[in-house]
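Heads up, the thing below is written out as structure tokens.
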Amino acid sequence: MPVADYKIYCEMLERARKGRYAYPAINVTSLTTANAVLKGLAGSKSDGIIQVSTGGGAFASGSSVKDMALGAISIAEHVHRAAERYPIYIALHTDHCQADKLDKLVIPLVEETERRRAAGRPNLFNSHMFDGSALPLKENLDIAVTLLERFQKNDLILEIEAGVVGGEEDGVTGEAGAKLYTTPEDTLEVARRLNAISGARYLLAATFGNVHGVYKPGAVKLRPAVLKECQDAVIGRFGQSAQFDLVFHGGSGSELHEIHEALDYGVVKMNLDTDTQYAFTRPIAGHMFSHYDGVLKVDGEVGDKKAYDPRTWMALGEAAMAERVKRAVSELRGTGTTLFK
Ligand SMILES: [Zn+2]
């Protein structure tokens, strides 16, 4: 199927919230990793989200160009074409974009979508994240409001973050401390500002101790109950329809019961990067170690072309990453839930 349109994406999110499941949103940086996600989702009969980060976009554009918007567009164009061969729906999203990078990623991509719409073509992306978590909440929401007004006119969904995801991703390190846990007061302010824009739709990355990257057991203290406190507060103040569609960042390495508790409180999108990075690289490492005299020219020998052809080992990475995507879908209770008929 082609990439989901706005109506289908909204329906995907509704169904997930009502059915207490979530979509994996997997970071990709290349055609091969995008194909791995398509393969894994199709193998699970689940819809899902492919996302590109600022660094991923820059990487995909090539090391001498390093244009994050160009790389994101290239990946999205590929997904639009390739997704037609799979019996599932895909949504395209861009990940963390801090205020100082909006002009390099989100704004050029919104402009691209506006050009496409003006020409009668479908949107390029379905949603974009603005990460203003390093700013005071008022500044964060001032920018979010401006973006959401423009997004609403273009059938785009905005993801914002209140609180801070700890750890390091794409060279950006989240500050530790109390902001690792979003407060009900913060989320009431989010709802007050953003729900005022009629017809607009957004996702909220509320933080409950999440950390990017992966750590040894016990190092990360997740408190999913924080999400319930935020939902209860917003429903109490603004009614049931104000319930948030939540996003779980920094989910790599989480315990299954923590994931399920978060789904019960309204998480509909869970980001995965670190775990799928490892899944991709693991069999490649195995291949290199077990075929070292094929991938290398040892002792005056010529190596083995079949062993060092990048297709050989990238196919191993693709297959293993697809399996990891299937596992994520299963853990997120999404197996067999595709809306595609
Ligand atoms: Zn994140």
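By order in the structure tokens, chains are A, B, ...; within a chain, residues start at 1; ligands start at 1, following the order shown.
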
Residues within 10 Å of ligand 1 (only C-alpha atoms and all ligand atoms), as a ChimeraX atom specification? /A:27,53,95-97,129,131,161,164-170,174,205,207,210-213,247-251,270-273

Tell me, as a PyMOL selection string, which residues lie within 10 Å of A:Lys326, counting only C-alpha atoms; anything in the same chain fewer than 5 positions away does not count.
-> chain A and resi 24+37+39-46+320-321+331-332+334-335

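Distance check against A:Val190 using only C-alpha atoms: of A:Ala60, A:Leu203, A:Val268, A:Val302, the minimum falls on A:Leu203.
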
Enumerate, as a ChimeraX atom specification, the complete set of residues in stretch 132-273 of chain A that a backbone-based DSSP assignment places in helix (DSSP H, G or I).
/A:137-153,178-180,184-194,225-238,240-242,256-264

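Of the residues under consideration (A:Gly253, A:Gly57, A:Pro87, A:Gly317), A:Gly57 shows the shortest atom-to-atom contact distance to A:Ser74 when counting only C-alpha atoms.
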
- A:Phe59 environment, 7 Å, only C-alpha atoms, sequence neighbours closer than 4 positions dropped, as a VMD selection string: chain A and resid 29 55 63 66 71

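Among the candidate residues A:Leu158, A:Val52, A:Ala76, A:Ile88, the one lying nearest to A:Ala4 is A:Ile88, with distances computed using only C-alpha atoms.
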
task = Write out as an MDAnalysis selection string which residues come within 12 Å of A:Gly218 when counting only C-alpha atoms, dropping same-chain ones fewer than 2 positions away.
result = chainID A and resid 214:216 220:222 253:255

Would you save the residues of that selection, restricted to N, CA, C and O atoms, as a CSV table (one decimal), in the first residue's frame?
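Result saved to part16.csv:
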```
chain,number,residue,atom,x,y,z
A,214,VAL,N,21.0,2.4,25.5
A,214,VAL,CA,20.7,1.2,26.2
A,214,VAL,C,21.6,1.1,27.4
A,214,VAL,O,22.8,1.4,27.2
A,215,TYR,N,21.1,0.6,28.5
A,215,TYR,CA,21.9,0.6,29.7
A,215,TYR,C,21.7,-0.8,30.4
A,215,TYR,O,20.8,-1.5,30.1
A,216,LYS,N,22.6,-1.1,31.3
A,216,LYS,CA,22.5,-2.4,32.0
A,216,LYS,C,21.2,-2.3,32.9
A,216,LYS,O,20.8,-1.2,33.3
A,220,VAL,N,18.1,2.4,34.6
A,220,VAL,CA,17.0,3.4,34.2
A,220,VAL,C,15.8,3.1,35.1
A,220,VAL,O,15.4,2.0,35.2
A,221,LYS,N,15.3,4.2,35.7
A,221,LYS,CA,14.1,4.1,36.5
A,221,LYS,C,12.9,4.6,35.9
A,221,LYS,O,12.6,5.8,35.9
A,222,LEU,N,12.2,3.7,35.2
A,222,LEU,CA,10.9,4.2,34.5
A,222,LEU,C,9.8,4.2,35.5
A,222,LEU,O,9.7,3.3,36.3
A,253,GLY,N,15.7,-1.5,25.5
A,253,GLY,CA,16.1,-2.1,26.7
A,253,GLY,C,15.0,-2.1,27.8
A,253,GLY,O,15.3,-2.5,28.9
A,254,SER,N,13.8,-1.6,27.5
A,254,SER,CA,12.8,-1.6,28.6
A,254,SER,C,12.3,-3.0,28.9
A,254,SER,O,12.2,-3.9,28.0
A,255,GLU,N,11.8,-3.1,30.1
A,255,GLU,CA,11.1,-4.4,30.5
A,255,GLU,C,9.7,-4.5,29.9
A,255,GLU,O,9.0,-3.4,29.8
```

* Within 12 Å of A:Pro122, counting only C-alpha atoms, which residues show up once you throw out same-chain ones fewer than 2 positions away? Write them as a ChimeraX atom specification, please. => /A:2-6,77,80,112-120,124-126,154-156

Of A:Ala69, A:Leu13, A:Ala307, A:Ala36, the one nearest to A:Val325 when counting only C-alpha atoms is A:Ala36

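Checking A:Leu263, A:Ala196, A:Val226, A:Ile284 one by one against A:Thr312, counting only C-alpha atoms, you find the shortest gap at A:Ile284.
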
Margin query: as an MDAnalysis selection string, please: every residue in stretch 66-96 of chain A that a backbone DSSP assignment puts in strand (DSSP E or B).
Written below: chainID A and resid 90:94

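Atom CA of A:Gly209 sits 6.3 Å away from atom CA of A:Arg223.
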
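Excluding A:Met314 itself and any same-chain residue fewer than 6 positions from it, the protein and nucleic acid residues within 9 Å of it, counting only C-alpha atoms, are Thr32, Phe280, Thr281 and Ile284 of chain A.
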
Resulting file, chosen residues, all heavy atoms, as a PDB file, in the first residue's frame:
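result.pdb was written with the following content:
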```
ATOM      1  N   THR A  32      18.474   0.307   2.862  1.00  0.00           N
ATOM      2  CA  THR A  32      18.477  -1.054   3.418  1.00  0.00           C
ATOM      3  C   THR A  32      17.737  -1.109   4.753  1.00  0.00           C
ATOM      4  O   THR A  32      16.957  -2.032   5.004  1.00  0.00           O
ATOM      5  CB  THR A  32      19.919  -1.560   3.594  1.00  0.00           C
ATOM      6  OG1 THR A  32      20.593  -1.415   2.343  1.00  0.00           O
ATOM      7  CG2 THR A  32      19.963  -3.013   4.007  1.00  0.00           C
ATOM      8  N   PHE A 280      20.800  -4.820  13.499  1.00  0.00           N
ATOM      9  CA  PHE A 280      21.357  -4.741  12.148  1.00  0.00           C
ATOM     10  C   PHE A 280      22.839  -5.142  12.148  1.00  0.00           C
ATOM     11  O   PHE A 280      23.306  -5.890  11.283  1.00  0.00           O
ATOM     12  CB  PHE A 280      21.198  -3.315  11.608  1.00  0.00           C
ATOM     13  CG  PHE A 280      21.602  -3.159  10.160  1.00  0.00           C
ATOM     14  CD1 PHE A 280      20.692  -3.413   9.145  1.00  0.00           C
ATOM     15  CD2 PHE A 280      22.892  -2.758   9.813  1.00  0.00           C
ATOM     16  CE1 PHE A 280      21.065  -3.290   7.796  1.00  0.00           C
ATOM     17  CE2 PHE A 280      23.261  -2.631   8.478  1.00  0.00           C
ATOM     18  CZ  PHE A 280      22.343  -2.899   7.465  1.00  0.00           C
ATOM     19  N   THR A 281      23.569  -4.644  13.124  1.00  0.00           N
ATOM     20  CA  THR A 281      25.028  -4.820  13.115  1.00  0.00           C
ATOM     21  C   THR A 281      25.473  -6.202  13.591  1.00  0.00           C
ATOM     22  O   THR A 281      26.501  -6.720  13.133  1.00  0.00           O
ATOM     23  CB  THR A 281      25.684  -3.723  13.987  1.00  0.00           C
ATOM     24  OG1 THR A 281      25.322  -2.447  13.432  1.00  0.00           O
ATOM     25  CG2 THR A 281      27.199  -3.840  13.999  1.00  0.00           C
ATOM     26  N   ILE A 284      26.321  -8.848  11.048  1.00  0.00           N
ATOM     27  CA  ILE A 284      27.428  -8.377  10.207  1.00  0.00           C
ATOM     28  C   ILE A 284      28.745  -8.621  10.935  1.00  0.00           C
ATOM     29  O   ILE A 284      29.723  -9.081  10.336  1.00  0.00           O
ATOM     30  CB  ILE A 284      27.230  -6.885   9.855  1.00  0.00           C
ATOM     31  CG1 ILE A 284      25.943  -6.721   9.022  1.00  0.00           C
ATOM     32  CG2 ILE A 284      28.449  -6.340   9.109  1.00  0.00           C
ATOM     33  CD1 ILE A 284      25.546  -5.284   8.761  1.00  0.00           C
TER      34      ILE A 284
END
```

Across A:Asp67, A:Asp245, A:Glu159, A:Asp142, the smallest distance to A:Glu189, with only C-alpha atoms counted, is shown by A:Asp142

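The interatomic distance for the pair atom CA of A:Lys306 and atom CA of A:Ser290 works out to 13.6 Å.
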
- Skip A:Asn140 itself and residues of its chain fewer than 6 positions away, then list as an MDAnalysis selection string all residues within 10 Å of it, counting only C-alpha atoms. chainID A and resid 98:99 130:134 160:162 190

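In this structure, atom CA of A:Asp47 sits 15.1 Å away from atom CA of A:Arg324.
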